[in-house]
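A.B. asks: So here's start33.tsv (TSV, C-alpha atoms).
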```tsv
chain	number	residue	atom	x	y	z
H	840	MET	CA	51.46	181.87	61.51
H	841	LYS	CA	49.29	179.09	62.83
H	842	LYS	CA	45.54	179.56	62.44
H	843	PHE	CA	43.09	178.85	65.29
H	844	LYS	CA	40.93	175.79	64.74
H	845	PHE	CA	38.39	174.78	67.35
H	846	ARG	CA	38.45	171.06	67.88
H	847	TYR	CA	34.70	170.75	68.44
H	848	GLU	CA	33.56	173.09	65.65
H	849	SER	CA	31.32	170.41	64.14
H	850	VAL	CA	29.60	169.84	67.48
H	851	LEU	CA	29.08	173.59	67.89
H	852	LYS	CA	27.61	173.83	64.38
H	853	MET	CA	25.30	170.89	65.08
H	854	ARG	CA	24.06	172.55	68.28
H	855	MET	CA	23.54	175.86	66.50
H	856	ASP	CA	21.55	174.08	63.77
H	857	LYS	CA	19.44	172.33	66.40
H	858	GLU	CA	18.75	175.66	68.10
H	859	GLU	CA	17.70	177.22	64.79
H	860	GLU	CA	15.40	174.28	64.04
H	861	ILE	CA	13.72	174.63	67.44
H	862	LYS	CA	13.32	178.38	66.89
H	863	ASN	CA	11.67	177.71	63.53
H	864	ASN	CA	9.32	175.16	65.10
H	865	LEU	CA	8.44	177.64	67.83
H	866	ALA	CA	7.68	180.31	65.23
H	867	LYS	CA	5.41	177.89	63.37
H	868	LEU	CA	3.56	177.02	66.58
H	869	ILE	CA	3.11	180.68	67.49
H	870	SER	CA	1.80	181.35	63.98
H	871	LYS	CA	-0.60	178.41	64.31
H	872	LYS	CA	-1.83	179.73	67.67
H	873	GLN	CA	-2.41	183.18	66.18
H	874	SER	CA	-4.36	181.61	63.33
H	875	LEU	CA	-6.53	179.73	65.83
H	876	LEU	CA	-7.11	182.91	67.82
H	877	ASP	CA	-8.15	184.68	64.62
H	878	ASP	CA	-10.52	181.80	63.82
H	879	LEU	CA	-12.00	182.07	67.32
H	880	GLU	CA	-12.50	185.81	66.90
H	881	GLU	CA	-14.26	185.26	63.56
H	882	LEU	CA	-16.43	182.57	65.14
H	883	ASN	CA	-17.37	184.91	67.98
H	884	LYS	CA	-18.35	187.58	65.46
H	885	GLY	CA	-20.47	185.04	63.58
H	886	SER	CA	-22.06	183.90	66.82
H	887	ALA	CA	-22.90	187.49	67.76
H	888	GLN	CA	-24.47	188.05	64.34
H	889	TYR	CA	-26.45	184.83	64.71
H	890	ASP	CA	-27.66	185.92	68.16
H	891	ALA	CA	-28.73	189.27	66.68
H	892	TYR	CA	-30.57	187.41	63.92
H	893	ILE	CA	-32.36	185.24	66.50
H	894	THR	CA	-33.35	188.33	68.47
H	895	ASP	CA	-34.77	189.95	65.33
H	896	VAL	CA	-36.74	186.81	64.43
H	897	MET	CA	-38.02	186.43	67.99
H	898	SER	CA	-39.18	190.06	68.10
H	899	THR	CA	-41.30	189.56	64.98
H	900	GLY	CA	-42.85	186.41	66.40
H	901	THR	CA	-41.97	182.91	65.34
H	902	ALA	CA	-43.33	179.41	65.31
H	903	SER	CA	-42.16	176.84	67.84
H	904	GLY	CA	-40.54	174.84	65.03
H	905	GLU	CA	-37.98	177.60	64.59
H	906	PHE	CA	-36.67	177.11	68.14
H	907	SER	CA	-35.07	173.76	67.30
H	908	LYS	CA	-33.23	175.38	64.37
H	909	PHE	CA	-32.01	178.13	66.66
H	910	GLU	CA	-30.80	175.60	69.23
H	911	SER	CA	-28.92	173.58	66.61
H	912	GLY	CA	-27.29	176.78	65.33
H	913	LYS	CA	-26.26	177.77	68.85
H	914	LYS	CA	-24.95	174.25	69.47
H	915	TYR	CA	-22.87	174.47	66.28
H	916	TYR	CA	-21.21	177.70	67.45
H	917	LYS	CA	-20.68	176.34	70.96
H	918	ASP	CA	-19.15	173.06	69.73
H	919	HIS	CA	-16.94	174.85	67.21
H	920	ARG	CA	-15.81	177.36	69.86
H	921	ASN	CA	-14.95	174.51	72.27
H	922	ARG	CA	-13.01	172.68	69.56
H	923	ILE	CA	-10.97	175.79	68.74
H	924	LYS	CA	-10.29	176.48	72.44
H	925	HIS	CA	-9.15	172.87	72.88
H	926	ASN	CA	-6.79	173.26	69.89
H	927	ILE	CA	-5.44	176.49	71.35
H	928	GLN	CA	-4.73	174.74	74.66
H	929	ARG	CA	-2.98	171.92	72.81
H	930	VAL	CA	-0.84	174.39	70.85
H	931	ASP	CA	-0.06	176.30	74.07
H	932	GLU	CA	1.25	173.07	75.58
H	933	GLN	CA	3.36	172.41	72.48
H	934	ILE	CA	4.70	175.97	72.67
H	935	ARG	CA	5.63	175.48	76.33
H	936	LEU	CA	7.46	172.23	75.56
H	937	THR	CA	9.22	173.80	72.58
H	938	GLN	CA	10.30	176.77	74.70
H	939	GLU	CA	11.78	174.37	77.25
H	940	ALA	CA	13.63	172.54	74.47
H	941	LEU	CA	14.88	175.90	73.16
H	942	VAL	CA	16.21	176.87	76.59
H	943	ALA	CA	18.09	173.54	76.77
H	944	ALA	CA	19.46	173.98	73.24
H	945	VAL	CA	20.63	177.52	74.02
H	946	LYS	CA	22.39	176.26	77.16
H	947	GLU	CA	24.15	173.55	75.16
H	948	ARG	CA	25.26	176.02	72.51
H	949	LYS	CA	26.49	178.52	75.10
H	950	ILE	CA	28.55	175.79	76.76
H	951	MET	CA	30.23	175.09	73.44
H	952	ASP	CA	30.74	178.83	72.84
H	953	LYS	CA	32.46	179.13	76.22
H	954	LEU	CA	34.67	176.14	75.39
H	955	LYS	CA	35.58	177.73	72.07
H	956	GLU	CA	36.34	181.04	73.75
H	957	LYS	CA	38.52	179.32	76.36
H	958	ALA	CA	40.36	177.34	73.68
H	959	PHE	CA	40.95	180.54	71.71
H	960	MET	CA	42.36	182.28	74.77
H	961	GLU	CA	44.71	179.33	75.34
H	962	PHE	CA	45.74	179.53	71.66
H	963	VAL	CA	46.46	183.26	71.94
H	964	GLU	CA	48.43	182.69	75.15
H	965	ALA	CA	50.50	179.95	73.49
H	966	ILE	CA	51.23	182.26	70.53
H	967	ASN	CA	52.28	185.04	72.92
H	968	VAL	CA	54.57	182.69	74.85
H	969	ALA	CA	56.14	181.46	71.60
H	970	ASP	CA	56.65	185.05	70.41
H	971	GLU	CA	58.27	186.03	73.69
H	972	LYS	CA	60.56	183.00	73.49
H	973	LEU	CA	61.54	183.88	69.92
H	974	ILE	CA	62.24	187.50	70.84
H	975	GLU	CA	64.34	186.39	73.80
H	976	GLU	CA	66.36	184.05	71.59
H	977	VAL	CA	66.97	186.80	69.03
H	978	VAL	CA	68.10	189.21	71.75
H	979	ASN	CA	70.38	186.57	73.30
H	980	PHE	CA	71.85	185.76	69.90
H	981	ALA	CA	72.50	189.43	69.20
H	982	ASN	CA	74.12	189.92	72.61
H	983	ASN	CA	76.27	186.82	72.19
H	984	LYS	CA	77.41	188.05	68.76
H	985	LYS	CA	78.44	191.41	70.20
H	986	ASN	CA	80.37	189.77	73.00
H	987	GLY	CA	82.24	187.67	70.49
H	988	GLU	CA	80.95	184.35	71.53
```
Output the file's structure in the form of structure tokens.
C.D. replies:
Amino acid sequence: MKKFKFRYESVLKMRMDKEEEIKNNLAKLISKKQSLLDDLEELNKGSAQYDAYITDVMSTGTASGEFSKFESGKKYYKDHRNRIKHNIQRVDEQIRLTQEALVAAVKERKIMDKLKEKAFMEFVEAINVADEKLIEEVVNFANNKKNGE
């Protein structure tokens, strides 16, 4: 019996591979975003500890020279926080673009899946028609043999 072979199997495989690659890239970007969010959380904890330290030092009394150190420390945390937030925004944009590419890749793959399904149905129908024709010929042959023809 003839085996079904989809004509565009290589195209379907290529589209499936592309979809998998985009999924992997999306997973990497999401992991990177989570890492940045964790870094931001750690930075916020460090900033809170630094603020508590400043409050303790201020309560005990301090020289005016210490204020410039405190300001530079606060500026460090602020600049670092802004840099991380900017990186998170950049990664969010990359995630959005990757998600759009994934949607397009899924659509392309589903189109090929539908074509494959349709081709398979046509193959099955052709097999059924051929089987019916063969059965009809066998029955006609048997009837003709009985009738003496």
A.B. asks: Looking at all atoms listed in the file, which of H:Gly885, H:Lys844, H:Gln933, H:Val850 is the one that sits closest to Lys867 (chain H)?
C.D. replies: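 Once distances to Lys867 (chain H) are computed over all atoms listed in the file, the minimum belongs to H:Gln933.
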A.B. asks: Set the distance at 10 Å and use all atoms listed in the file: which residues neighbour Lys917 (chain H) once local chain neighbours fewer than 6 positions away are removed? I'd like the list as a ChimeraX atom specification.
C.D. replies: /H:882-883,886,911,923
A.B. asks: Skip Lys857 (chain H) itself and residues of its chain fewer than 3 positions away, then list as a PyMOL selection string all residues within 10 Å of it, counting only C-alpha atoms.
C.D. replies: chain H and resi 851-854+860-863+940-941+944-945+948
A.B. asks: Would you list the residues near (-14.9, 176.8, 68.2), meaning any protein, DNA or RNA residue with an atom at most 10 Å from that point in file coordinates, counting only C-alpha atoms, as a ChimeraX atom specification?
C.D. replies: /H:875-876,878-883,915-927
A.B. asks: Keeping only C-alpha atoms, write those residues as a CSV table (one decimal), in the coordinates of the input.
C.D. replies:
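See selection_36.csv below for the written result:
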```csv
chain,number,residue,atom,x,y,z
H,875,LEU,CA,-6.5,179.7,65.8
H,876,LEU,CA,-7.1,182.9,67.8
H,878,ASP,CA,-10.5,181.8,63.8
H,879,LEU,CA,-12.0,182.1,67.3
H,880,GLU,CA,-12.5,185.8,66.9
H,881,GLU,CA,-14.3,185.3,63.6
H,882,LEU,CA,-16.4,182.6,65.1
H,883,ASN,CA,-17.4,184.9,68.0
H,915,TYR,CA,-22.9,174.5,66.3
H,916,TYR,CA,-21.2,177.7,67.4
H,917,LYS,CA,-20.7,176.3,71.0
H,918,ASP,CA,-19.2,173.1,69.7
H,919,HIS,CA,-16.9,174.8,67.2
H,920,ARG,CA,-15.8,177.4,69.9
H,921,ASN,CA,-15.0,174.5,72.3
H,922,ARG,CA,-13.0,172.7,69.6
H,923,ILE,CA,-11.0,175.8,68.7
H,924,LYS,CA,-10.3,176.5,72.4
H,925,HIS,CA,-9.2,172.9,72.9
H,926,ASN,CA,-6.8,173.3,69.9
H,927,ILE,CA,-5.4,176.5,71.4
```
A.B. asks: How close does region 864-973 of chain H get to region 977-987 of chain H? List, as a Markdown table, each residue of region 864-973 of chain H within 10 Å, its nearest atom pair and the distance in Å to one decimal, counting only C-alpha atoms.
C.D. replies:
```
| residue | atom | partner | partner_atom | distance |
| --- | --- | --- | --- | --- |
| H:Glu971 | CA | H:Val977 | CA | 9.9 |
| H:Lys972 | CA | H:Val977 | CA | 8.7 |
| H:Leu973 | CA | H:Val977 | CA | 6.2 |
```
A.B. asks: Quick one, how far is CA of Ser907 (chain H) from CA of Ala891 (chain H)?
C.D. replies: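 These two atoms are separated by 16.8 Å.
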A.B. asks: Just the number, please: distance in Å from CA of Ser870 (chain H) to CA of Ala943 (chain H), one decimal.
C.D. replies: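 Going from CA of Ser870 (chain H) over to CA of Ala943 (chain H), I get 22.1 Å.
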A.B. asks: Measure the distance from CA of Gln888 (chain H) to CA of Ser874 (chain H) in Å and round it to one decimal.
C.D. replies: 21.1 Å
A.B. asks: Just give me the residues with any atom within 12 Å of (29.0, 181.5, 69.5), file coordinates, counting only C-alpha atoms, written as a VMD selection string.
C.D. replies: chain H and resid 845 848 850 to 852 854 to 856 858 945 to 957
A.B. asks: Which polymer residues have any atom within 8 Å of an atom of Leu865 (chain H), counting all atoms listed in the file, with same-chain residues fewer than 3 positions away left out, as a list in words?
C.D. replies: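 Near neighbours after the sequence-gap exclusion: Ile861, Lys862, Leu868, Ile869, Ile934, Thr937 and Gln938 of chain H.
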A.B. asks: Since the input lacks some atoms of region 849-882 of chain H, please model N, CA and C atoms and print them as a compact mmCIF listing (two decimals), in the coordinates of the input.
C.D. replies:
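Final output, saved to selection-v2.txt:
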```txt
# COMPACT_ATOMS: atom_id res chain seq x y z
N SER H 849 32.47 171.13 64.71
CA SER H 849 31.32 170.41 64.14
C SER H 849 30.21 170.22 65.17
N VAL H 850 30.60 169.99 66.42
CA VAL H 850 29.60 169.84 67.48
C VAL H 850 28.89 171.17 67.71
N LEU H 851 29.67 172.25 67.72
CA LEU H 851 29.08 173.59 67.89
C LEU H 851 28.11 173.90 66.76
N LYS H 852 28.49 173.59 65.53
CA LYS H 852 27.61 173.83 64.38
C LYS H 852 26.33 173.01 64.50
N MET H 853 26.47 171.75 64.92
CA MET H 853 25.30 170.89 65.08
C MET H 853 24.35 171.47 66.13
N ARG H 854 24.90 171.97 67.23
CA ARG H 854 24.06 172.55 68.28
C ARG H 854 23.41 173.85 67.82
N MET H 855 24.13 174.63 67.03
CA MET H 855 23.54 175.86 66.50
C MET H 855 22.40 175.53 65.53
N ASP H 856 22.60 174.50 64.71
CA ASP H 856 21.55 174.08 63.77
C ASP H 856 20.32 173.59 64.52
N LYS H 857 20.55 172.83 65.59
CA LYS H 857 19.44 172.33 66.40
C LYS H 857 18.67 173.49 67.02
N GLU H 858 19.39 174.48 67.51
CA GLU H 858 18.75 175.66 68.10
C GLU H 858 17.91 176.39 67.06
N GLU H 859 18.44 176.56 65.86
CA GLU H 859 17.70 177.22 64.79
C GLU H 859 16.43 176.44 64.42
N GLU H 860 16.56 175.13 64.37
CA GLU H 860 15.40 174.28 64.04
C GLU H 860 14.32 174.44 65.11
N ILE H 861 14.70 174.47 66.36
CA ILE H 861 13.72 174.63 67.44
C ILE H 861 13.09 176.01 67.36
N LYS H 862 13.88 177.03 67.04
CA LYS H 862 13.32 178.38 66.89
C LYS H 862 12.29 178.42 65.76
N ASN H 863 12.60 177.76 64.66
CA ASN H 863 11.67 177.71 63.53
C ASN H 863 10.38 176.99 63.92
N ASN H 864 10.51 175.88 64.64
CA ASN H 864 9.32 175.16 65.10
C ASN H 864 8.49 176.02 66.03
N LEU H 865 9.15 176.76 66.91
CA LEU H 865 8.44 177.64 67.83
C LEU H 865 7.70 178.73 67.06
N ALA H 866 8.33 179.28 66.05
CA ALA H 866 7.68 180.31 65.23
C ALA H 866 6.44 179.75 64.52
N LYS H 867 6.56 178.52 64.03
CA LYS H 867 5.41 177.89 63.37
C LYS H 867 4.26 177.68 64.36
N LEU H 868 4.60 177.24 65.58
CA LEU H 868 3.56 177.02 66.58
C LEU H 868 2.89 178.33 66.99
N ILE H 869 3.68 179.38 67.12
CA ILE H 869 3.11 180.68 67.49
C ILE H 869 2.20 181.18 66.36
N SER H 870 2.62 180.97 65.13
CA SER H 870 1.80 181.35 63.98
C SER H 870 0.49 180.55 63.97
N LYS H 871 0.60 179.27 64.26
CA LYS H 871 -0.60 178.41 64.31
C LYS H 871 -1.55 178.88 65.41
N LYS H 872 -0.99 179.24 66.57
CA LYS H 872 -1.83 179.73 67.67
C LYS H 872 -2.53 181.02 67.26
N GLN H 873 -1.80 181.92 66.61
CA GLN H 873 -2.41 183.18 66.18
C GLN H 873 -3.53 182.92 65.18
N SER H 874 -3.33 181.97 64.30
CA SER H 874 -4.36 181.61 63.33
C SER H 874 -5.61 181.09 64.05
N LEU H 875 -5.40 180.25 65.06
CA LEU H 875 -6.53 179.73 65.83
C LEU H 875 -7.25 180.85 66.58
N LEU H 876 -6.49 181.78 67.13
CA LEU H 876 -7.11 182.91 67.82
C LEU H 876 -7.92 183.77 66.85
N ASP H 877 -7.40 183.95 65.63
CA ASP H 877 -8.15 184.68 64.62
C ASP H 877 -9.43 183.94 64.25
N ASP H 878 -9.33 182.61 64.12
CA ASP H 878 -10.52 181.80 63.82
C ASP H 878 -11.56 181.94 64.93
N LEU H 879 -11.09 181.93 66.18
CA LEU H 879 -12.00 182.07 67.32
C LEU H 879 -12.67 183.44 67.30
N GLU H 880 -11.92 184.47 66.97
CA GLU H 880 -12.50 185.81 66.90
C GLU H 880 -13.57 185.88 65.81
N GLU H 881 -13.28 185.29 64.65
CA GLU H 881 -14.26 185.26 63.56
C GLU H 881 -15.51 184.48 63.98
N LEU H 882 -15.30 183.38 64.67
CA LEU H 882 -16.43 182.57 65.14
C LEU H 882 -17.27 183.35 66.13
```
